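Peer 1: Here it is, the structure in full.
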Amino acid sequence: MSLEPGLSFDQAPPISVPFRFFLSAPLFALLAALLALWYGPALIGSRWQPSALALAHLMSVGFLGFAMVGAMMQMLPVVAGAPVARPVGVARALYLLLLPGVLSLAGGFLFAAQWPMRLGMALLGAGFLIFVVAVGASLKRAPSLNPVVLGMHLAVAALAVTVALGLTLASNYGWEWWLTGRVRLANLHLAWGLLGWVGLLVISVAYQVVPMFQLTPVYPRPLTRWLGMSLFTLLLLWSATLLMQDAAAQERAALTAGVLAAAGFGAFAATTLRLQWQRRRKVTDVTLLFWRFGMACLLLALALLLGAAGQVLPEPARLQVYSFALAFLFIAGFAVSVVNGMLYKIVPFLIWFHLQGQLMGVAKVPNMKEIMPEKGMRRQMRLHFAAVPALLLSAFWPPLIYPAALLFGASMILLEINLLSAFRIYRQSAKLAPQAGSQPT
Amino acid sequence: METISSYLSGDHQRCDELFSQAEAAASGKDWAAIAADFQAFLRAMRRHFKIEEEVLFPAFEQRTGMSMGPTQVMRAEHAQMNELLDAMEDALQRQDKDGYLGQAETLLIMTQQHNIKEEQILYPMADRALAPELGDVLKRMHAVEA
């Protein structure tokens with residue numbers, strides 16, 4: 001019998017692998033908040049305008065992308081029993097490609113400049129290619145294809161589709177040519193990125209972390225077995241409808257796939273809330289509150305989506321309002337909340353874990369609450385919970401974007417401070433370690 | 001039919017249950033009650049470690065010849081958890097509520113990620129490797145006392 005992977009200390013990557021991504025993520029969100037303050041109510045004008053596109057990518061590729069890349073590199077050994085090979089080199093390459101990549105892409109949109117756009121395409125294309133290949137290879141080695149591993153496979157496939165579509169769309173800005181069917185392609189890009197990559201990854205990670213953090217019952221077997229695959233299939237079917245010639249039939253088919261996908265995400269959110277309600281752990285912590293808030297926002301986003309779909313032909317103006325409200329709810333309300341909540345568990349735990357490995361028997365290791373104090377987390381959480389409703393309302397009444405962006409930016413500054421303070425404790429404590437085992441940054 | 005997976009996963013659940021009681025008790029002020037809940041939890045944890053370290057791991061190592069593999073890592077993680085349990089007990093004696101809850105939080109995540117590895121990888125491996133002597137191994141596991 002060969003040694004099965006997944007059960008070795010060496011397989012937990014050095015702390016610098018996930019942390020460089022975690023510590024950078026809030027800075028992109030802060031940049032997005034500053035952009036929103038700079039452009040003000042004009043931002044809500046059209047989803048196609050450069051400022052809105054730059055902001056959307058700072059949030060999705062910058063904040064969410066960085067947090068998720070870092071988390072995946074960390075989680076693969078535990079949940080899949082399969083670490084990414086050469087994690088330090090891969091993490092460094094990813095970081096050096098993705099960081100300037102996101103900034104050039106945002107710059108390319110903002111200044112309608114071709115060179116930054118081309119540079120951003122090359123950097124992000126290369127970065128995500130490395131990520132997809134490295135993570136795909138390690139998922140393939142996973143000893144069992146449990147729902148978490150399967151969901152991660154699907155999420156990574158969705159990321160590959162998203163990036164391919166994104167590069168095609170961006171080439172439109174990088175060179176002088178006009179893509180026909182640009183709107184359809186952009187909608188595809190959005191659906192694969194948000195519902196595919198972000199949605200499927202959150203769902204599959206939830207199967208693991210929701211029971212783990214709050215001691216809830218496990219997700220029901222039929223859900224974990226079918227949901228990820230069904231959502232992925234629906235995304236494929238929905239994409240295929242765009243090839244249909246008959247406009248009326250296309251609309252019906254797309255609507256059906258959309259309603260079914262919304263039902264799938266709704267089932268996930270409702271199940272998560274139910275499991276958390278039945279949790280055995282009695283204390284209510286920040287992570288739990290972030291997740292509940294995130295699930296409520298997801299349900300509200302789905303209701304809004306169905307409401308928009310229910311009107312046969314919404315007026316163009318209404319469509320704009322809907323798309324901003326949906327984006328705020330899904331990205332800031334749902335995705336940012338669950339990521340934020342998870343960071344507050346993963347970051348202090350990893351710091352404790354690495355310090356414990358280095359300091360066992362040498363010095364006292366601070367516990368998770370000393371590393372990440374409750375007070376600071378709660379303060380940041382309250383700002384975030386105020387920022388999301390303000391953002392949502394600003395879709396309907398644009399002047400509200402000022403207080404909303406201020407709240408969101410302040411929340412991200414506090415998040416960054418909390419993460420950095422925790423990391424400072426790591427650096428200080430790690431100095432006490434005997435030299436051989438220490439590995440700061 | 002009872003397997004190593006079902007018996008020990010069930011025991012994880014029982015320990016989780018006792019953990020949440022010991023954690024929730026700390027919201028009150030009755031230190032004697034907190035100590036009682038903690039002792040019940042501690043006994044269950046120590047018995048679980050004993051079952052694995054004295055029955056399961058040696059049997060597994062003997063059958064597979066893997067003495068430096070997964071069981072070694074699991075033993076090391078038990079040692080880490082024991083340190084956290086000691087730290088909780090220490091905080092309890094000092095009546096330091098924040099310290100107690102901070103160690104509890106850390107122990108919870110440490111334990112849960114450990115359990116995932118055992119339940120998803122090690123126990124199924126052990127069920128396969130020890131199939132011929134399963135009845136005997138289970139009998140010895142049940143016989144372990146706290």
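Residues in the structure tokens are named by chain (A, B, ... in the order shown) and by number from 1 within that chain; ligands are numbered from 1 in the order shown.
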Select all residues from chain B having any atom no more than 10 Å from an atom of chain A (counting only C-alpha atoms, ignoring ligands), output as a PyMOL selection string.
Peer 2: chain B and resi 13+16-27+64-66+68-74+76-77+79-80+83-84+87+98-118+120-122+125+129
Peer 1: Any idea what's packed within 9 Å of range 172-180 of chain A, counting only C-alpha atoms, ignoring anything in its chain fewer than 6 positions away? Could you give it as a PyMOL selection string?
Peer 2: chain A and resi 108-109+112-119+121
Peer 1: Those residues you just picked out, can you put them in a file as a tab-separated table (two decimals), in the first residue's frame with N, CA and C atoms?
Peer 2:
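Output file part-v8.tsv is given in full below:
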```tsv
chain	number	residue	atom	x	y	z
A	108	GLY	N	-6.54	50.12	-17.55
A	108	GLY	CA	-6.94	50.06	-18.96
A	108	GLY	C	-8.38	50.48	-19.15
A	109	PHE	N	-9.26	50.00	-18.24
A	109	PHE	CA	-10.67	50.40	-18.33
A	109	PHE	C	-10.81	51.90	-18.07
A	112	ALA	N	-9.22	54.14	-20.72
A	112	ALA	CA	-9.45	53.68	-22.08
A	112	ALA	C	-8.12	53.59	-22.83
A	113	ALA	N	-7.15	52.96	-22.18
A	113	ALA	CA	-5.81	52.89	-22.76
A	113	ALA	C	-5.53	51.46	-23.22
A	114	GLN	N	-4.98	51.35	-24.43
A	114	GLN	CA	-4.79	50.02	-24.98
A	114	GLN	C	-3.63	49.27	-24.35
A	115	TRP	N	-2.50	49.97	-24.07
A	115	TRP	CA	-1.35	49.24	-23.56
A	115	TRP	C	-1.55	48.62	-22.19
A	116	PRO	N	-2.08	49.40	-21.25
A	116	PRO	CA	-2.35	48.76	-19.95
A	116	PRO	C	-3.31	47.57	-20.09
A	117	MET	N	-4.26	47.70	-21.02
A	117	MET	CA	-5.21	46.61	-21.21
A	117	MET	C	-4.50	45.36	-21.72
A	118	ARG	N	-3.62	45.56	-22.70
A	118	ARG	CA	-2.89	44.41	-23.25
A	118	ARG	C	-1.98	43.78	-22.18
A	119	LEU	N	-1.33	44.65	-21.41
A	119	LEU	CA	-0.44	44.15	-20.35
A	119	LEU	C	-1.26	43.37	-19.32
A	121	MET	N	-4.05	41.86	-19.75
A	121	MET	CA	-4.49	40.58	-20.33
A	121	MET	C	-3.38	39.54	-20.24
```
Peer 1: Would you kindly return, as a ChimeraX atom specification, each protein, DNA or RNA residue with an atom no farther than 9 Å from any atom of Phe265 in chain A, considering only C-alpha atoms and excluding same-chain residues fewer than 2 positions away?
Peer 2: /A:195,199,203,227,231,260-263,267-270,298-299,302
Peer 1: I'd like to know which residues of range 42-129 of chain B are alpha helix (DSSP H) (by DSSP, run on the backbone); could you write them as a PyMOL selection string?
Peer 2: chain B and resi 42-50+57-64+70-93+97-117+123-129
Peer 1: Could you state the separation of CA of Tyr95 in chain A and CA of Ala155 in chain A in Å, given to one decimal place?
Peer 2: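 Atom-to-atom, CA of Tyr95 in chain A and CA of Ala155 in chain A are spaced 20.1 Å apart.
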Peer 1: Determine, counting only C-alpha atoms, which protein, DNA and RNA residues have an atom within 6 Å of an atom of Trp192 in chain A; residues of the same chain fewer than 4 positions away are not included. Present the result as a VMD selection string.
Peer 2: chain A and resid 158 162 196
Peer 1: Store the residues picked out above, limited to N, CA and C atoms, as a PDB file, in the first residue's frame.
Peer 2:
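As written to disk, part.pdb reads:
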```
ATOM      1  N   ALA A 158     -14.905  26.527 -14.193  1.00  0.00           N
ATOM      2  CA  ALA A 158     -15.662  27.760 -14.446  1.00  0.00           C
ATOM      3  C   ALA A 158     -14.716  28.965 -14.505  1.00  0.00           C
ATOM      4  N   THR A 162     -14.326  31.597 -17.496  1.00  0.00           N
ATOM      5  CA  THR A 162     -14.446  33.037 -17.209  1.00  0.00           C
ATOM      6  C   THR A 162     -13.248  33.806 -17.766  1.00  0.00           C
ATOM      7  N   GLY A 196     -20.408  30.644 -11.433  1.00  0.00           N
ATOM      8  CA  GLY A 196     -19.554  29.466 -11.594  1.00  0.00           C
ATOM      9  C   GLY A 196     -18.401  29.462 -10.614  1.00  0.00           C
TER      10      GLY A 196
END
```
Peer 1: From the list B:Leu92, B:Ile51, B:Leu56, B:Leu130, which residue is nearest Ala143 in chain B when using only C-alpha atoms?
Peer 2: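 Nearest to Ala143 in chain B: B:Ile51.
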Peer 1: Would you pick out the contacts of Val321 in chain A at 8 Å or less, using only C-alpha atoms, so that residues sharing its chain but fewer than 4 positions from it are not included, and give the list as number ranges by chain?
Peer 2: A: 44, 317, 325, 395-396
Peer 1: Could the residues in this selection be written to a file with N, CA and C atoms, as an mmCIF file, in the first residue's frame?
Peer 2:
```
data_model
loop_
_atom_site.group_PDB
_atom_site.id
_atom_site.type_symbol
_atom_site.label_atom_id
_atom_site.label_comp_id
_atom_site.auth_asym_id
_atom_site.auth_seq_id
_atom_site.Cartn_x
_atom_site.Cartn_y
_atom_site.Cartn_z
ATOM 1 N N ILE A 44 -23.275 54.996 -11.080
ATOM 2 C CA ILE A 44 -24.465 54.156 -11.227
ATOM 3 C C ILE A 44 -25.110 54.353 -12.602
ATOM 4 N N ALA A 317 -33.946 51.610 -18.196
ATOM 5 C CA ALA A 317 -33.516 52.285 -16.971
ATOM 6 C C ALA A 317 -33.618 51.344 -15.780
ATOM 7 N N ALA A 325 -28.000 46.881 -8.302
ATOM 8 C CA ALA A 325 -28.484 46.329 -7.033
ATOM 9 C C ALA A 325 -28.027 44.878 -6.897
ATOM 10 N N ALA A 395 -28.124 52.034 -5.500
ATOM 11 C CA ALA A 395 -28.525 51.642 -6.856
ATOM 12 C C ALA A 395 -29.833 52.334 -7.221
ATOM 13 N N PHE A 396 -30.661 52.603 -6.203
ATOM 14 C CA PHE A 396 -31.954 53.241 -6.454
ATOM 15 C C PHE A 396 -31.879 54.756 -6.297
#
```
Peer 1: Can you build me a table of range 115-224 of chain A residues sitting at most 12 Å from range 235-255 of chain A, with the closest atom pair per residue and its distance in Å to one decimal, using only C-alpha atoms, sorted by chain and residue number, as JSON lines?
Peer 2:
```
{"residue": "A:Leu154", "atom": "CA", "partner": "A:Leu235", "partner_atom": "CA", "distance": 11.1}
{"residue": "A:Ala155", "atom": "CA", "partner": "A:Leu235", "partner_atom": "CA", "distance": 11.7}
{"residue": "A:Ala157", "atom": "CA", "partner": "A:Leu236", "partner_atom": "CA", "distance": 11.5}
{"residue": "A:Ala158", "atom": "CA", "partner": "A:Leu235", "partner_atom": "CA", "distance": 9.2}
{"residue": "A:Val161", "atom": "CA", "partner": "A:Leu236", "partner_atom": "CA", "distance": 10.5}
{"residue": "A:Thr162", "atom": "CA", "partner": "A:Leu235", "partner_atom": "CA", "distance": 11.7}
{"residue": "A:Leu165", "atom": "CA", "partner": "A:Ser239", "partner_atom": "CA", "distance": 11.7}
{"residue": "A:Gly181", "atom": "CA", "partner": "A:Leu242", "partner_atom": "CA", "distance": 9.7}
{"residue": "A:Arg182", "atom": "CA", "partner": "A:Leu242", "partner_atom": "CA", "distance": 11.9}
{"residue": "A:Val183", "atom": "CA", "partner": "A:Leu242", "partner_atom": "CA", "distance": 11.0}
{"residue": "A:Arg184", "atom": "CA", "partner": "A:Leu242", "partner_atom": "CA", "distance": 7.4}
{"residue": "A:Leu185", "atom": "CA", "partner": "A:Leu242", "partner_atom": "CA", "distance": 9.0}
{"residue": "A:Ala186", "atom": "CA", "partner": "A:Ser239", "partner_atom": "CA", "distance": 11.5}
{"residue": "A:Asn187", "atom": "CA", "partner": "A:Ser239", "partner_atom": "CA", "distance": 9.5}
{"residue": "A:Leu188", "atom": "CA", "partner": "A:Ser239", "partner_atom": "CA", "distance": 6.7}
{"residue": "A:His189", "atom": "CA", "partner": "A:Ser239", "partner_atom": "CA", "distance": 9.9}
{"residue": "A:Leu190", "atom": "CA", "partner": "A:Leu235", "partner_atom": "CA", "distance": 11.1}
{"residue": "A:Ala191", "atom": "CA", "partner": "A:Leu235", "partner_atom": "CA", "distance": 7.6}
{"residue": "A:Trp192", "atom": "CA", "partner": "A:Leu235", "partner_atom": "CA", "distance": 7.2}
{"residue": "A:Gly193", "atom": "CA", "partner": "A:Leu235", "partner_atom": "CA", "distance": 10.7}
{"residue": "A:Leu194", "atom": "CA", "partner": "A:Leu235", "partner_atom": "CA", "distance": 11.1}
{"residue": "A:Leu195", "atom": "CA", "partner": "A:Leu235", "partner_atom": "CA", "distance": 8.3}
{"residue": "A:Gly196", "atom": "CA", "partner": "A:Leu235", "partner_atom": "CA", "distance": 7.5}
{"residue": "A:Trp197", "atom": "CA", "partner": "A:Leu235", "partner_atom": "CA", "distance": 11.2}
{"residue": "A:Gly199", "atom": "CA", "partner": "A:Leu235", "partner_atom": "CA", "distance": 11.6}
{"residue": "A:Leu200", "atom": "CA", "partner": "A:Leu235", "partner_atom": "CA", "distance": 11.1}
```
Peer 1: So how many Å separate CA of Met229 in chain A and CA of Gly341 in chain A, to one decimal?
Peer 2: 25.9 Å
Peer 1: Do a neighbour search on range 418-433 of chain A at 7 Å with only C-alpha atoms, toss out local chain neighbours closer than 5 positions, and write the hits as an mmCIF file with N, CA, C and O atoms, in the first residue's frame.
Peer 2:
```
data_model
loop_
_atom_site.group_PDB
_atom_site.id
_atom_site.type_symbol
_atom_site.label_atom_id
_atom_site.label_comp_id
_atom_site.auth_asym_id
_atom_site.auth_seq_id
_atom_site.Cartn_x
_atom_site.Cartn_y
_atom_site.Cartn_z
ATOM 1 N N LEU A 23 -3.489 39.270 2.799
ATOM 2 C CA LEU A 23 -3.168 40.625 3.237
ATOM 3 C C LEU A 23 -3.361 41.652 2.121
ATOM 4 O O LEU A 23 -3.535 42.833 2.385
ATOM 5 N N PRO A 348 -6.354 33.640 12.041
ATOM 6 C CA PRO A 348 -5.809 33.374 13.382
ATOM 7 C C PRO A 348 -5.448 31.910 13.587
ATOM 8 O O PRO A 348 -4.474 31.608 14.268
ATOM 9 N N ILE A 351 -2.034 31.234 11.953
ATOM 10 C CA ILE A 351 -0.955 31.836 12.731
ATOM 11 C C ILE A 351 -0.664 30.987 13.957
ATOM 12 O O ILE A 351 0.486 30.653 14.246
ATOM 13 N N LEU A 355 2.834 28.939 14.556
ATOM 14 C CA LEU A 355 3.598 29.264 15.759
ATOM 15 C C LEU A 355 3.739 28.036 16.645
ATOM 16 O O LEU A 355 4.796 27.784 17.214
ATOM 17 N N GLN A 358 6.452 25.890 15.666
ATOM 18 C CA GLN A 358 7.794 26.423 15.896
ATOM 19 C C GLN A 358 8.130 26.578 17.380
ATOM 20 O O GLN A 358 9.286 26.506 17.766
ATOM 21 N N LEU A 359 7.077 26.833 18.188
ATOM 22 C CA LEU A 359 7.350 27.225 19.581
ATOM 23 C C LEU A 359 7.021 26.152 20.611
ATOM 24 O O LEU A 359 7.220 26.364 21.795
ATOM 25 N N ILE A 371 -4.745 36.411 19.114
ATOM 26 C CA ILE A 371 -4.198 36.781 17.811
ATOM 27 C C ILE A 371 -5.172 37.709 17.064
ATOM 28 O O ILE A 371 -4.769 38.691 16.457
ATOM 29 N N MET A 372 -6.458 37.379 17.148
ATOM 30 C CA MET A 372 -7.483 38.182 16.451
ATOM 31 C C MET A 372 -8.567 38.533 17.460
ATOM 32 O O MET A 372 -9.537 37.801 17.638
ATOM 33 N N GLY A 376 -12.147 43.969 17.721
ATOM 34 C CA GLY A 376 -11.797 44.521 16.417
ATOM 35 C C GLY A 376 -12.621 43.891 15.312
ATOM 36 O O GLY A 376 -13.053 44.567 14.368
ATOM 37 N N SER A 438 12.291 28.402 12.096
ATOM 38 C CA SER A 438 11.588 29.656 11.867
ATOM 39 C C SER A 438 11.606 30.034 10.401
ATOM 40 O O SER A 438 12.566 29.780 9.686
ATOM 41 N N PRO A 440 9.966 33.293 8.975
ATOM 42 C CA PRO A 440 9.083 34.453 8.901
ATOM 43 C C PRO A 440 8.849 34.906 7.459
ATOM 44 O O PRO A 440 9.756 34.821 6.642
#
```
Peer 1: Using only C-alpha atoms, which of B:Gln95, B:Met45, B:Glu61, B:His142 sits nearest Asn82 in chain B?
Peer 2: B:Met45
Peer 1: List the spatial neighbours of Glu52 in chain B as a ChimeraX atom specification - criterion: any atom at most 12 Å away, only C-alpha atoms, same-chain residues fewer than 3 positions off excluded.
Peer 2: /B:4-5,7-9,11-12,45-49,55-61,71-72,74-75,78,118,122-123,126,137-138,140-142,144
Peer 1: Quick one: pull the distance between CA of Leu85 in chain B and CA of Ala44 in chain B, Å, one decimal.
Peer 2: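 Separating CA of Leu85 in chain B from CA of Ala44 in chain B is a distance of 11.8 Å.
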